[in-house]
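target.csv, holding CSV, C-alpha atoms:
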```
chain,number,residue,atom,x,y,z
A,1,MET,CA,0.0,0.0,0.0
A,2,LYS,CA,1.4,3.4,-1.0
A,3,GLU,CA,1.4,5.9,1.8
A,4,TYR,CA,0.9,9.7,1.5
A,5,SER,CA,1.7,12.7,3.6
A,6,SER,CA,-0.9,14.5,5.7
A,7,TRP,CA,-0.6,17.5,3.3
A,8,GLU,CA,-1.3,15.2,0.3
A,9,TYR,CA,-4.4,13.8,2.1
A,10,LEU,CA,-5.7,17.3,2.4
A,11,LEU,CA,-5.1,17.8,-1.4
A,12,ILE,CA,-6.8,14.5,-2.1
A,13,ASP,CA,-9.8,15.5,0.1
A,14,VAL,CA,-10.4,18.8,-1.7
A,15,ALA,CA,-10.2,17.0,-5.0
A,16,ASN,CA,-12.6,14.2,-3.8
A,17,ASN,CA,-15.3,16.8,-3.2
A,18,HIS,CA,-14.9,18.7,-6.4
A,19,HIS,CA,-17.8,18.5,-8.8
A,20,THR,CA,-15.9,17.0,-11.7
A,21,LYS,CA,-15.7,13.5,-10.3
A,22,LEU,CA,-12.0,13.7,-9.5
A,23,ASP,CA,-12.6,11.0,-6.9
A,24,LYS,CA,-12.8,8.5,-9.7
A,25,THR,CA,-9.1,9.3,-10.7
A,26,THR,CA,-5.8,8.1,-9.2
A,27,PHE,CA,-4.6,9.7,-5.9
A,28,GLU,CA,-1.7,11.2,-7.9
A,29,THR,CA,-4.1,12.9,-10.4
A,30,ARG,CA,-6.1,14.4,-7.5
A,31,ILE,CA,-2.9,15.7,-5.8
A,32,GLU,CA,-1.6,17.2,-9.0
A,33,TRP,CA,-5.0,18.9,-9.7
A,34,ALA,CA,-5.1,20.4,-6.3
A,35,LYS,CA,-1.5,21.6,-6.6
A,36,ALA,CA,-2.1,23.1,-10.0
A,37,ASN,CA,-5.2,25.0,-8.6
A,38,LEU,CA,-3.9,25.7,-5.1
A,39,ASP,CA,-4.1,29.5,-5.5
A,40,ARG,CA,-7.6,29.5,-6.8
A,41,LEU,CA,-9.4,26.6,-5.1
A,42,GLU,CA,-12.1,28.8,-3.7
A,43,ASP,CA,-12.8,30.2,-7.2
A,44,GLU,CA,-14.0,26.8,-8.3
A,45,ALA,CA,-16.9,27.1,-5.9
A,46,LYS,CA,-18.1,30.6,-7.1
A,47,ASP,CA,-21.4,30.7,-9.0
A,48,ARG,CA,-21.7,26.9,-8.9
A,49,ILE,CA,-23.7,24.6,-6.5
A,50,TRP,CA,-23.1,20.9,-6.2
A,51,LYS,CA,-23.8,18.3,-3.6
A,52,THR,CA,-20.4,18.1,-1.9
A,53,ARG,CA,-19.7,21.9,-2.2
A,54,PRO,CA,-19.8,22.4,1.6
A,55,LEU,CA,-17.3,19.7,2.1
A,56,TYR,CA,-15.2,21.1,-0.7
A,57,LEU,CA,-15.1,24.6,1.0
A,58,LYS,CA,-14.4,23.0,4.3
A,59,ALA,CA,-11.4,21.2,2.8
A,60,CYS,CA,-10.3,24.6,1.3
A,61,MET,CA,-10.4,26.1,4.8
A,62,ALA,CA,-8.3,23.3,6.2
A,63,ILE,CA,-5.7,23.8,3.5
A,64,ARG,CA,-5.5,27.6,4.1
A,65,ASP,CA,-5.1,27.0,7.9
A,66,THR,CA,-2.4,24.5,7.3
A,67,GLN,CA,-0.6,26.9,5.0
A,68,LYS,CA,-0.6,29.5,7.8
A,69,GLY,CA,0.8,26.9,10.2
A,70,GLU,CA,-2.3,26.6,12.3
A,71,PRO,CA,-3.5,23.3,13.8
A,72,ILE,CA,-6.6,21.8,12.2
A,73,GLY,CA,-9.3,19.4,13.4
A,74,HIS,CA,-10.3,18.7,9.8
A,75,LEU,CA,-11.3,15.1,9.0
A,76,VAL,CA,-10.5,13.5,5.7
A,77,GLY,CA,-13.1,11.0,4.4
A,78,MET,CA,-12.7,8.0,2.2
A,79,ASP,CA,-15.4,5.6,1.0
A,80,ALA,CA,-15.1,1.9,0.4
A,81,VAL,CA,-15.2,1.3,-3.4
A,82,ASN,CA,-18.6,-0.4,-4.2
A,83,SER,CA,-18.8,-1.8,-0.7
A,84,GLY,CA,-21.6,-4.4,-1.3
A,85,MET,CA,-19.8,-6.0,-4.2
A,86,GLN,CA,-16.5,-5.6,-2.5
A,87,ILE,CA,-17.5,-7.5,0.6
A,88,MET,CA,-19.3,-10.3,-1.4
A,89,SER,CA,-16.2,-10.7,-3.6
A,90,VAL,CA,-13.8,-10.8,-0.6
A,91,VAL,CA,-15.7,-13.5,1.3
A,92,THR,CA,-16.0,-15.7,-1.9
A,93,GLY,CA,-12.3,-15.2,-2.9
A,94,CYS,CA,-13.4,-13.6,-6.2
A,95,ILE,CA,-10.4,-12.1,-8.1
A,96,SER,CA,-12.6,-10.4,-10.7
A,97,GLY,CA,-14.9,-8.8,-8.2
A,98,ALA,CA,-11.9,-7.7,-6.1
A,99,ARG,CA,-10.3,-6.1,-9.1
A,100,ALA,CA,-13.5,-4.2,-9.9
A,101,THR,CA,-13.7,-2.9,-6.4
A,102,GLY,CA,-10.1,-1.7,-5.9
A,103,LEU,CA,-8.8,-4.7,-4.0
A,104,ILE,CA,-6.3,-5.7,-6.6
A,105,ASP,CA,-3.9,-3.0,-7.6
A,106,THR,CA,-4.2,-2.0,-11.3
A,107,ASN,CA,-2.6,1.5,-10.9
A,108,GLU,CA,-6.0,3.1,-11.3
A,109,ARG,CA,-9.1,3.8,-9.3
A,110,ALA,CA,-11.5,1.0,-9.9
A,111,ASN,CA,-15.2,1.7,-10.8
A,112,ALA,CA,-17.3,-1.5,-10.9
A,113,TYR,CA,-20.4,0.4,-12.2
A,114,GLU,CA,-18.5,1.8,-15.2
A,115,GLN,CA,-16.9,-1.5,-15.8
A,116,CYS,CA,-20.4,-3.2,-15.9
A,117,ARG,CA,-21.6,-0.6,-18.4
A,118,ASN,CA,-18.5,-1.1,-20.6
A,119,VAL,CA,-19.0,-4.9,-20.6
A,120,MET,CA,-22.6,-4.4,-21.5
A,121,SER,CA,-21.6,-2.3,-24.5
A,122,GLN,CA,-19.1,-5.0,-25.6
A,123,LEU,CA,-21.8,-7.7,-25.4
A,124,LEU,CA,-24.4,-5.6,-27.3
A,125,GLY,CA,-21.9,-4.3,-29.8
A,126,SER,CA,-22.8,-0.7,-29.2
A,127,ALA,CA,-22.5,1.9,-26.5
A,128,VAL,CA,-25.1,1.6,-23.7
A,129,GLU,CA,-26.8,5.0,-23.4
A,130,VAL,CA,-27.8,4.6,-19.7
A,131,ASP,CA,-26.7,7.1,-17.0
A,132,GLU,CA,-24.1,5.7,-14.6
A,133,ALA,CA,-26.4,6.5,-11.7
A,134,LEU,CA,-29.0,4.0,-13.0
A,135,VAL,CA,-26.3,1.4,-13.6
A,136,LYS,CA,-25.0,1.9,-10.1
A,137,LYS,CA,-28.5,1.5,-8.6
A,138,SER,CA,-29.1,-1.6,-10.7
A,139,VAL,CA,-25.8,-3.2,-9.7
A,140,MET,CA,-26.3,-2.4,-6.0
A,141,THR,CA,-29.9,-3.7,-5.7
A,142,SER,CA,-29.3,-6.7,-8.0
A,143,LEU,CA,-26.7,-8.0,-5.5
A,144,TYR,CA,-29.4,-7.9,-2.9
A,145,GLY,CA,-31.9,-9.8,-5.0
A,146,SER,CA,-33.8,-7.0,-6.7
A,147,GLU,CA,-35.3,-7.6,-10.2
A,148,LYS,CA,-37.4,-4.4,-10.4
A,149,GLU,CA,-34.6,-1.9,-10.4
A,150,PRO,CA,-32.7,-3.4,-13.3
A,151,GLU,CA,-36.0,-3.7,-15.2
A,152,LYS,CA,-36.7,0.0,-14.6
A,153,ALA,CA,-33.3,0.9,-16.1
A,154,PHE,CA,-33.1,-1.6,-19.0
A,155,GLY,CA,-36.7,-2.8,-19.5
A,156,LYS,CA,-38.3,-6.2,-18.9
A,157,GLY,CA,-37.2,-9.0,-21.2
A,158,THR,CA,-34.9,-6.8,-23.2
A,159,ALA,CA,-31.5,-7.5,-24.8
A,160,GLU,CA,-30.1,-4.7,-22.6
A,161,LEU,CA,-31.4,-6.4,-19.4
A,162,ALA,CA,-29.9,-9.8,-20.5
A,163,ALA,CA,-26.6,-8.0,-21.2
A,164,PHE,CA,-26.6,-6.3,-17.8
A,165,GLU,CA,-27.1,-9.6,-16.0
A,166,GLU,CA,-24.3,-11.3,-18.0
A,167,ALA,CA,-22.0,-8.3,-17.5
A,168,LEU,CA,-22.6,-8.4,-13.8
A,169,PHE,CA,-21.6,-12.0,-13.7
A,170,ILE,CA,-18.5,-11.3,-15.7
A,171,VAL,CA,-17.4,-8.5,-13.5
A,172,ALA,CA,-18.3,-10.1,-10.1
A,173,PRO,CA,-19.0,-13.8,-10.5
A,174,GLY,CA,-18.3,-14.5,-6.8
A,175,ALA,CA,-20.9,-11.9,-5.7
A,176,VAL,CA,-23.5,-13.3,-8.1
A,177,GLU,CA,-23.0,-16.8,-7.0
A,178,LEU,CA,-23.1,-15.8,-3.3
A,179,LEU,CA,-26.4,-14.0,-4.0
A,180,SER,CA,-27.9,-17.4,-5.0
A,181,VAL,CA,-26.6,-19.0,-1.8
A,182,LEU,CA,-28.1,-16.2,0.3
A,183,LEU,CA,-31.4,-16.3,-1.4
A,184,ALA,CA,-31.7,-20.0,-0.9
A,185,SER,CA,-30.8,-19.7,2.8
A,186,TRP,CA,-34.3,-18.3,3.7
A,187,GLN,CA,-36.0,-20.6,6.2
A,188,SER,CA,-39.7,-20.8,5.4
A,189,ASN,CA,-40.7,-21.8,9.0
A,190,ALA,CA,-38.5,-19.4,10.8
A,191,LEU,CA,-39.7,-16.4,12.9
A,192,SER,CA,-36.2,-14.9,12.8
A,193,HIS,CA,-32.8,-15.5,11.1
A,194,THR,CA,-30.0,-15.2,13.6
A,195,TRP,CA,-26.2,-15.4,13.5
A,196,ILE,CA,-23.3,-14.4,15.7
A,197,MET,CA,-20.4,-12.4,14.2
A,198,PRO,CA,-16.7,-13.0,15.0
A,199,ASP,CA,-16.7,-10.2,17.7
A,200,GLY,CA,-19.7,-11.8,19.5
A,201,TRP,CA,-22.4,-9.4,18.2
A,202,THR,CA,-25.7,-11.2,17.5
A,203,VAL,CA,-27.6,-10.4,14.3
A,204,ASP,CA,-31.3,-11.1,14.8
A,205,ASN,CA,-33.5,-10.4,11.9
A,206,LYS,CA,-37.1,-11.0,12.9
A,207,VAL,CA,-39.6,-12.2,10.3
A,208,THR,CA,-42.7,-9.9,10.3
A,209,VAL,CA,-45.7,-9.3,8.1
A,210,LYS,CA,-47.3,-5.9,7.5
A,211,THR,CA,-50.9,-6.1,8.7
A,212,ASN,CA,-53.8,-3.7,8.3
A,213,HIS,CA,-56.6,-3.8,10.8
A,214,GLN,CA,-59.8,-1.7,10.8
A,215,ILE,CA,-60.6,-0.2,14.2
A,216,GLU,CA,-64.2,0.8,15.1
A,217,VAL,CA,-64.8,3.3,17.9
A,218,ASP,CA,-68.2,2.8,19.4
A,219,GLU,CA,-68.1,6.0,21.4
A,220,LEU,CA,-67.6,8.0,18.2
A,221,ASP,CA,-70.7,6.8,16.4
A,222,HIS,CA,-68.8,3.7,15.2
A,223,HIS,CA,-66.3,5.7,13.3
A,224,THR,CA,-63.5,3.6,11.8
A,225,PHE,CA,-59.9,4.0,11.0
A,226,ASP,CA,-57.1,1.8,9.7
A,227,TYR,CA,-54.3,0.7,11.9
A,228,THR,CA,-51.1,-0.7,10.3
A,229,TYR,CA,-48.7,-2.8,12.3
A,230,TYR,CA,-46.1,-5.6,11.9
A,231,ARG,CA,-46.7,-9.0,13.4
A,232,SER,CA,-44.4,-12.0,13.8
A,233,GLU,CA,-45.2,-14.6,11.1
A,234,ALA,CA,-43.1,-17.0,9.1
A,235,LEU,CA,-42.8,-16.3,5.4
A,236,PRO,CA,-42.4,-19.1,2.8
A,237,ARG,CA,-40.1,-17.0,0.6
A,238,ALA,CA,-38.2,-13.7,1.0
A,239,LYS,CA,-35.0,-12.1,-0.3
A,240,LYS,CA,-34.0,-10.4,2.9
A,241,ASN,CA,-31.0,-12.6,3.8
A,242,ALA,CA,-29.1,-11.4,0.7
A,243,ALA,CA,-28.9,-7.8,2.0
A,244,ASN,CA,-28.9,-8.6,5.7
A,245,VAL,CA,-25.9,-10.9,5.6
A,246,THR,CA,-23.8,-8.5,3.5
A,247,HIS,CA,-24.8,-5.6,5.7
A,248,SER,CA,-23.9,-7.5,8.8
A,249,ILE,CA,-20.4,-8.1,7.5
A,250,ASP,CA,-20.2,-4.4,6.5
A,251,ALA,CA,-21.1,-3.4,10.0
A,252,TYR,CA,-18.6,-5.9,11.4
A,253,VAL,CA,-15.9,-4.3,9.4
A,254,LEU,CA,-16.9,-0.9,10.9
A,255,ARG,CA,-16.6,-2.3,14.4
A,256,ALA,CA,-13.3,-4.0,13.7
A,257,MET,CA,-12.0,-0.7,12.4
A,258,ILE,CA,-13.0,1.2,15.5
A,259,ALA,CA,-11.4,-1.5,17.7
A,260,ARG,CA,-8.1,-1.2,15.9
A,261,THR,CA,-8.0,2.6,16.0
A,262,ASN,CA,-9.6,3.8,19.2
A,263,PHE,CA,-8.0,1.8,22.0
A,264,ASP,CA,-6.0,2.2,25.2
A,265,GLU,CA,-2.4,2.1,24.2
A,266,VAL,CA,-1.1,1.0,27.6
A,267,GLU,CA,-3.6,-2.0,27.7
A,268,ILE,CA,-2.7,-3.0,24.2
A,269,GLN,CA,1.0,-2.9,25.0
A,270,GLU,CA,0.5,-5.1,28.0
A,271,ILE,CA,-1.6,-7.7,26.1
A,272,ASP,CA,1.1,-7.7,23.3
A,273,HIS,CA,3.7,-8.4,26.0
A,274,TRP,CA,1.7,-11.3,27.4
A,275,ILE,CA,1.2,-12.9,24.0
A,276,MET,CA,4.9,-12.4,23.1
A,277,SER,CA,5.9,-14.2,26.3
A,278,VAL,CA,3.6,-17.1,25.7
A,279,LEU,CA,4.8,-17.5,22.1
A,280,MET,CA,8.4,-17.4,23.3
A,281,ASP,CA,7.7,-20.1,25.9
A,282,ARG,CA,6.1,-22.3,23.2
A,283,SER,CA,9.1,-21.9,20.9
A,284,PHE,CA,11.1,-23.6,23.7
A,285,GLY,CA,8.6,-26.5,23.8
A,286,LYS,CA,6.1,-25.4,26.5
A,287,ALA,CA,2.8,-27.2,25.9
A,288,VAL,CA,-0.5,-25.5,25.1
A,289,VAL,CA,-2.8,-25.4,28.2
A,290,PRO,CA,-6.5,-26.5,27.7
A,291,ILE,CA,-9.1,-23.7,27.7
A,292,THR,CA,-10.9,-23.4,31.0
A,293,ASP,CA,-11.8,-19.7,31.2
A,294,GLU,CA,-15.5,-19.2,30.2
A,295,HIS,CA,-14.9,-15.9,28.6
A,296,ILE,CA,-12.0,-17.2,26.5
A,297,ILE,CA,-14.1,-20.3,25.5
A,298,LYS,CA,-16.8,-17.9,24.1
A,299,TYR,CA,-14.4,-15.9,22.0
A,300,GLN,CA,-12.4,-19.0,20.9
A,301,LYS,CA,-15.7,-20.5,19.6
A,302,HIS,CA,-16.3,-17.4,17.4
A,303,TYR,CA,-12.7,-17.7,16.1
A,304,MET,CA,-12.8,-21.4,15.5
A,305,ARG,CA,-16.1,-21.1,13.6
A,306,SER,CA,-15.3,-18.1,11.4
A,307,GLY,CA,-11.5,-18.3,11.2
A,308,MET,CA,-11.5,-14.5,11.7
A,309,PRO,CA,-9.2,-13.1,14.4
A,310,ASP,CA,-10.9,-10.3,16.2
A,311,MET,CA,-9.7,-7.8,18.8
A,312,SER,CA,-12.8,-8.0,21.0
A,313,ILE,CA,-11.1,-11.0,22.7
A,314,CYS,CA,-8.7,-8.5,24.3
A,315,ASN,CA,-11.6,-7.5,26.6
A,316,ALA,CA,-11.3,-11.0,28.2
A,317,LEU,CA,-7.6,-11.6,28.0
A,318,THR,CA,-5.5,-11.6,31.2
A,319,GLU,CA,-2.0,-12.6,32.0
A,320,ALA,CA,-3.5,-15.7,33.6
A,321,ASN,CA,-5.6,-16.9,30.7
A,322,VAL,CA,-3.7,-15.8,27.6
A,323,HIS,CA,-1.8,-19.0,27.5
A,324,GLN,CA,-5.1,-20.9,26.8
A,325,LEU,CA,-5.2,-19.7,23.2
A,326,THR,CA,-3.8,-21.7,20.3
A,327,THR,CA,-0.4,-20.7,18.9
A,328,LYS,CA,-2.0,-19.8,15.5
A,329,HIS,CA,-4.6,-17.6,17.2
A,330,LEU,CA,-1.9,-15.8,19.3
A,331,LYS,CA,0.3,-15.2,16.2
A,332,GLU,CA,-2.7,-13.6,14.3
A,333,LEU,CA,-3.5,-11.4,17.3
A,334,ARG,CA,0.1,-10.3,17.7
A,335,ARG,CA,0.3,-9.4,14.0
A,336,ILE,CA,-2.7,-7.1,14.5
A,337,LEU,CA,-1.4,-5.7,17.8
A,338,THR,CA,1.9,-4.9,16.1
A,339,ALA,CA,0.2,-2.8,13.5
A,340,MET,CA,-2.0,-1.1,16.1
A,341,ARG,CA,1.0,-0.1,18.1
A,342,HIS,CA,2.9,1.1,15.0
A,343,TYR,CA,0.1,3.5,13.9
A,344,GLY,CA,-1.1,4.4,17.4
A,345,ALA,CA,-4.6,5.1,18.7
A,346,PHE,CA,-6.8,7.8,17.3
A,347,GLU,CA,-10.4,8.8,16.9
A,348,MET,CA,-12.3,7.9,13.8
A,349,ILE,CA,-15.8,8.6,12.6
A,350,THR,CA,-17.7,6.1,10.4
A,351,ILE,CA,-20.9,6.6,8.4
A,352,HIS,CA,-21.6,3.3,6.9
A,353,ASP,CA,-18.7,2.6,4.5
A,354,ASP,CA,-17.3,6.2,4.8
A,355,TYR,CA,-14.3,6.5,7.1
A,356,LYS,CA,-13.2,9.9,8.4
A,357,ALA,CA,-10.0,10.7,10.4
A,358,HIS,CA,-7.5,13.5,10.8
A,359,PRO,CA,-5.1,13.6,7.8
A,360,ASN,CA,-2.2,12.5,10.1
A,361,ASN,CA,-4.0,9.2,10.5
A,362,MET,CA,-5.3,8.4,7.0
A,363,ASN,CA,-2.4,6.0,6.3
A,364,ALA,CA,-3.5,4.0,9.3
A,365,VAL,CA,-7.2,4.0,8.2
A,366,ARG,CA,-6.3,2.7,4.8
A,367,PHE,CA,-3.9,0.1,6.3
A,368,HIS,CA,-6.4,-1.3,8.8
A,369,TYR,CA,-9.2,-1.4,6.3
A,370,LYS,CA,-7.3,-3.5,3.8
A,371,GLU,CA,-5.9,-5.8,6.5
A,372,ILE,CA,-9.4,-6.5,7.8
A,373,LEU,CA,-10.6,-7.3,4.3
A,374,ALA,CA,-7.6,-9.5,3.7
A,375,GLU,CA,-8.4,-11.4,6.9
A,376,LEU,CA,-12.0,-11.8,5.8
A,377,ALA,CA,-10.7,-13.2,2.5
A,378,ASP,CA,-8.8,-15.9,4.5
A,379,SER,CA,-11.7,-16.5,6.9
A,380,ARG,CA,-14.7,-18.8,6.8
A,381,ILE,CA,-17.1,-16.0,7.8
A,382,ILE,CA,-19.7,-16.6,5.1
A,383,GLU,CA,-19.6,-20.3,5.6
A,384,ASP,CA,-20.1,-19.7,9.3
A,385,ILE,CA,-23.1,-17.4,8.9
A,386,ILE,CA,-24.8,-19.8,6.4
A,387,ASN,CA,-24.3,-22.7,8.9
A,388,GLN,CA,-25.8,-20.7,11.7
A,389,ILE,CA,-28.8,-19.8,9.5
A,390,TYR,CA,-29.4,-23.4,8.7
A,391,GLY,CA,-28.7,-24.6,12.2
A,392,VAL,CA,-26.0,-27.0,11.1
A,393,ASP,CA,-22.2,-27.1,11.2
A,394,ASN,CA,-21.3,-29.2,8.1
A,395,LEU,CA,-22.0,-26.9,5.1
A,396,THR,CA,-18.9,-25.8,3.2
A,397,ILE,CA,-18.5,-22.9,0.7
A,398,SER,CA,-15.4,-23.1,-1.5
A,399,LYS,CA,-13.4,-20.0,-2.3
A,400,LEU,CA,-13.0,-19.2,-6.0
A,401,THR,CA,-9.3,-18.5,-5.2
A,402,PRO,CA,-7.4,-19.3,-2.0
A,403,ASP,CA,-4.9,-16.4,-2.1
A,404,LEU,CA,-7.0,-13.3,-2.6
A,405,SER,CA,-5.7,-11.9,0.7
A,406,GLN,CA,-2.2,-11.5,-0.8
A,407,HIS,CA,-3.6,-9.2,-3.5
A,408,ILE,CA,-5.7,-7.2,-1.1
A,409,ARG,CA,-2.6,-6.4,1.1
A,410,ASN,CA,-1.0,-4.8,-1.9
A,411,SER,CA,-4.0,-2.8,-3.0
A,412,ASN,CA,-4.1,1.1,-3.0
A,413,TYR,CA,-7.8,1.9,-3.9
A,414,HIS,CA,-9.8,-0.2,-1.4
A,415,LEU,CA,-10.8,3.1,0.1
A,416,SER,CA,-11.0,6.1,-2.2
```
Hey, can you dump this file as structure tokens for me?
Amino acid sequence: MKEYSSWEYLLIDVANNHHTKLDKTTFETRIEWAKANLDRLEDEAKDRIWKTRPLYLKACMAIRDTQKGEPIGHLVGMDAVNSGMQIMSVVTGCISGARATGLIDTNERANAYEQCRNVMSQLLGSAVEVDEALVKKSVMTSLYGSEKEPEKAFGKGTAELAAFEEALFIVAPGAVELLSVLLASWQSNALSHTWIMPDGWTVDNKVTVKTNHQIEVDELDHHTFDYTYYRSEALPRAKKNAANVTHSIDAYVLRAMIARTNFDEVEIQEIDHWIMSVLMDRSFGKAVVPITDEHIIKYQKHYMRSGMPDMSICNALTEANVHQLTTKHLKELRRILTAMRHYGAFEMITIHDDYKAHPNNMNAVRFHYKEILAELADSRIIEDIINQIYGVDNLTISKLTPDLSQHIRNSNYHLS
């Protein structure tokens, strides 16, 4: 991952919020644009209104304060690139989907929506005259099971719709295949679909049905009104698992990011020391002690099921119980702790897949994000969730490629 200076992140930020879609270009292009227009940045916002104009002017103010040598509290924001497709591609080991969402370095800023439209044009033999916003909405909703939105954009039963569906599979085959798995996971007799994430958070999606009931008021000359409410009732079919599972992983990434950035540095240093001592003892032949601590057992179960190392276990670790973890688990935790100590603790704001931090900390934000996604690529998290939905422990989901994490760790545009 290429790192940038705090000043360069300010330049990237002002370019990101410009109205000409500079956020779809490389970081170097954004930096050079800001440098070339440094003396007239504010002029770009005169007599022109666009959605991110307030953020653009805020970034201009931060740049001017920095030029005067004044401290700033400005937060630079970067979004995940096509987060739904990105996550679905990661957990399925999909190289193509990862490339389309910035997780494989191609020396350019990936744009899965534009790529889908280009593939459609190739399949049809002519340019697709559909606005990118419509393509974006079609791609996003399709991966959550929608059929109506693509039909709105391309028509029902048209050659364009068929080309869109084929293009989506070409661009992100792992995500499309996972969609089928998630749609099939709906339990027709269930009143809720529940699973536990690697950090112990429980996702509980209750099955409800919208019900209308007419209320008659005797005291008001039998006047009636309609009352709408949701009641618990099993549904034979529904598409909700497709979105809910992906969103639960998206939310998990957010929590993992916060755990790795906003922490007590003294506590983390102490835990790192305990782990290092245990690993050193084991290198000299000391045996692994069976797990007896109830808190450790709980977190170890999450880890063994999902294969995802998570820092929430630090809440339960003590000098007396740390030796109960497996060597593999301890090594993975130590790798994460080393990175946390290297970059230090800082505050970060998250709004869905938008991560904001002080420019001094943006290298850390980008590093931790791609590390978490690399770990997800190596994990069994989607297999774990599907098994929990079905209430079994023997279903397996094969990865399209086993080494996607290596590519992710070398990526530059996972956040942009």
Cut-off 12 Å around (3.6, -6.6, 25.5) with only C-alpha atoms: residues as a ChimeraX atom specification: /A:265-279,318-319,322,333-334,337-338,341
Distance of CA of Lys356 in chain A from CA of Leu57 in chain A, expressed in Å to one decimal place: 16.6 Å
Polymer residues at most 7 Å from (-11.8, -3.2, 5.9) by all atoms listed in the file, as a PyMOL selection string: chain A and resi 253+257+368-373
Output the selection as a short mmCIF file (atom, residue, chain, number, x, y, z; two decimals), keeping the file's coordinate frame - C-alpha atoms for each residue.
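selection.cif, written as the output of this step:
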```
data_model
loop_
_atom_site.label_atom_id
_atom_site.label_comp_id
_atom_site.auth_asym_id
_atom_site.auth_seq_id
_atom_site.Cartn_x
_atom_site.Cartn_y
_atom_site.Cartn_z
CA VAL A 253 -15.90 -4.30 9.40
CA MET A 257 -12.00 -0.70 12.40
CA HIS A 368 -6.40 -1.30 8.80
CA TYR A 369 -9.20 -1.40 6.30
CA LYS A 370 -7.30 -3.50 3.80
CA GLU A 371 -5.90 -5.80 6.50
CA ILE A 372 -9.40 -6.50 7.80
CA LEU A 373 -10.60 -7.30 4.30
#
```
Please identify every residue of range 218-267 of chain A that has at least one atom no farther than 12 Å from an atom of range 192-205 of chain A, counting all atoms listed in the file, and for each give the shortest atom pair and the distance in Å to one decimal, arranged by chain then increasing number, as CSV.
```
residue,atom,partner,partner_atom,distance
A:Ser232,CA,A:Ser192,CA,8.8
A:Glu233,CA,A:Ser192,CA,9.2
A:Ala234,CA,A:Ser192,CA,8.1
A:Leu235,CA,A:Ser192,CA,10.0
A:Ala238,CA,A:His193,CA,11.6
A:Lys240,CA,A:Asn205,CA,9.0
A:Asn241,CA,A:His193,CA,8.1
A:Ala242,CA,A:His193,CA,11.8
A:Ala243,CA,A:Asn205,CA,11.2
A:Asn244,CA,A:Asn205,CA,7.9
A:Val245,CA,A:Val203,CA,8.9
A:Thr246,CA,A:Val203,CA,11.6
A:His247,CA,A:Val203,CA,10.2
A:Ser248,CA,A:Val203,CA,7.2
A:Ile249,CA,A:Met197,CA,8.0
A:Asp250,CA,A:Met197,CA,11.1
A:Ala251,CA,A:Met197,CA,10.0
A:Tyr252,CA,A:Met197,CA,7.3
A:Val253,CA,A:Asp199,CA,10.2
A:Leu254,CA,A:Asp199,CA,11.5
A:Arg255,CA,A:Asp199,CA,8.6
A:Ala256,CA,A:Asp199,CA,8.1
A:Met257,CA,A:Asp199,CA,11.9
A:Ala259,CA,A:Asp199,CA,10.2
```
Near Arg260 in chain A, counting all atoms listed in the file, which residues have an atom at most 8 Å away, once you skip same-chain residues fewer than 5 positions from it, shown as a compact mmCIF listing (two decimals) with C-alpha atoms, keeping the file's coordinate frame?
```
# COMPACT_ATOMS: atom_id res chain seq x y z
CA MET A 311 -9.70 -7.80 18.80
CA MET A 340 -2.00 -1.10 16.10
CA ALA A 345 -4.60 5.10 18.70
CA HIS A 368 -6.40 -1.30 8.80
```
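We find CA of Lys68 in chain A and CA of Asp39 in chain A to be spaced 13.8 Å apart.
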Selection near Asp384 in chain A, 9 Å with all atoms listed in the file, sequence-local residues under 3 positions removed, as a ChimeraX atom specification: /A:195-197,305-307,380-381,387-389,393,395-396
Contacts of Tyr355 in chain A at 8 Å (all atoms listed in the file; same-chain gap of 4+ positions) as number ranges by chain: A: 77-79, 348-351, 365
As a compact mmCIF listing (two decimals), in the frame of the given file, please: range 283-290 of chain A completed to N, CA and C atoms.
```txt
# COMPACT_ATOMS: atom_id res chain seq x y z
N SER A 283 8.00 -21.61 21.84
CA SER A 283 9.10 -21.90 20.90
C SER A 283 10.17 -22.74 21.57
N PHE A 284 10.17 -22.77 22.92
CA PHE A 284 11.10 -23.60 23.70
C PHE A 284 10.45 -24.91 24.11
N GLY A 285 9.22 -25.18 23.59
CA GLY A 285 8.60 -26.50 23.80
C GLY A 285 7.53 -26.53 24.90
N LYS A 286 7.14 -25.39 25.47
CA LYS A 286 6.10 -25.40 26.50
C LYS A 286 4.76 -25.76 25.84
N ALA A 287 4.01 -26.67 26.47
CA ALA A 287 2.80 -27.20 25.90
C ALA A 287 1.64 -26.16 26.02
N VAL A 288 0.66 -26.29 25.10
CA VAL A 288 -0.50 -25.50 25.10
C VAL A 288 -1.44 -25.95 26.27
N VAL A 289 -1.96 -25.02 27.07
CA VAL A 289 -2.80 -25.40 28.20
C VAL A 289 -4.27 -25.42 27.71
N PRO A 290 -5.05 -26.43 28.13
CA PRO A 290 -6.50 -26.50 27.70
C PRO A 290 -7.25 -25.26 28.17
```
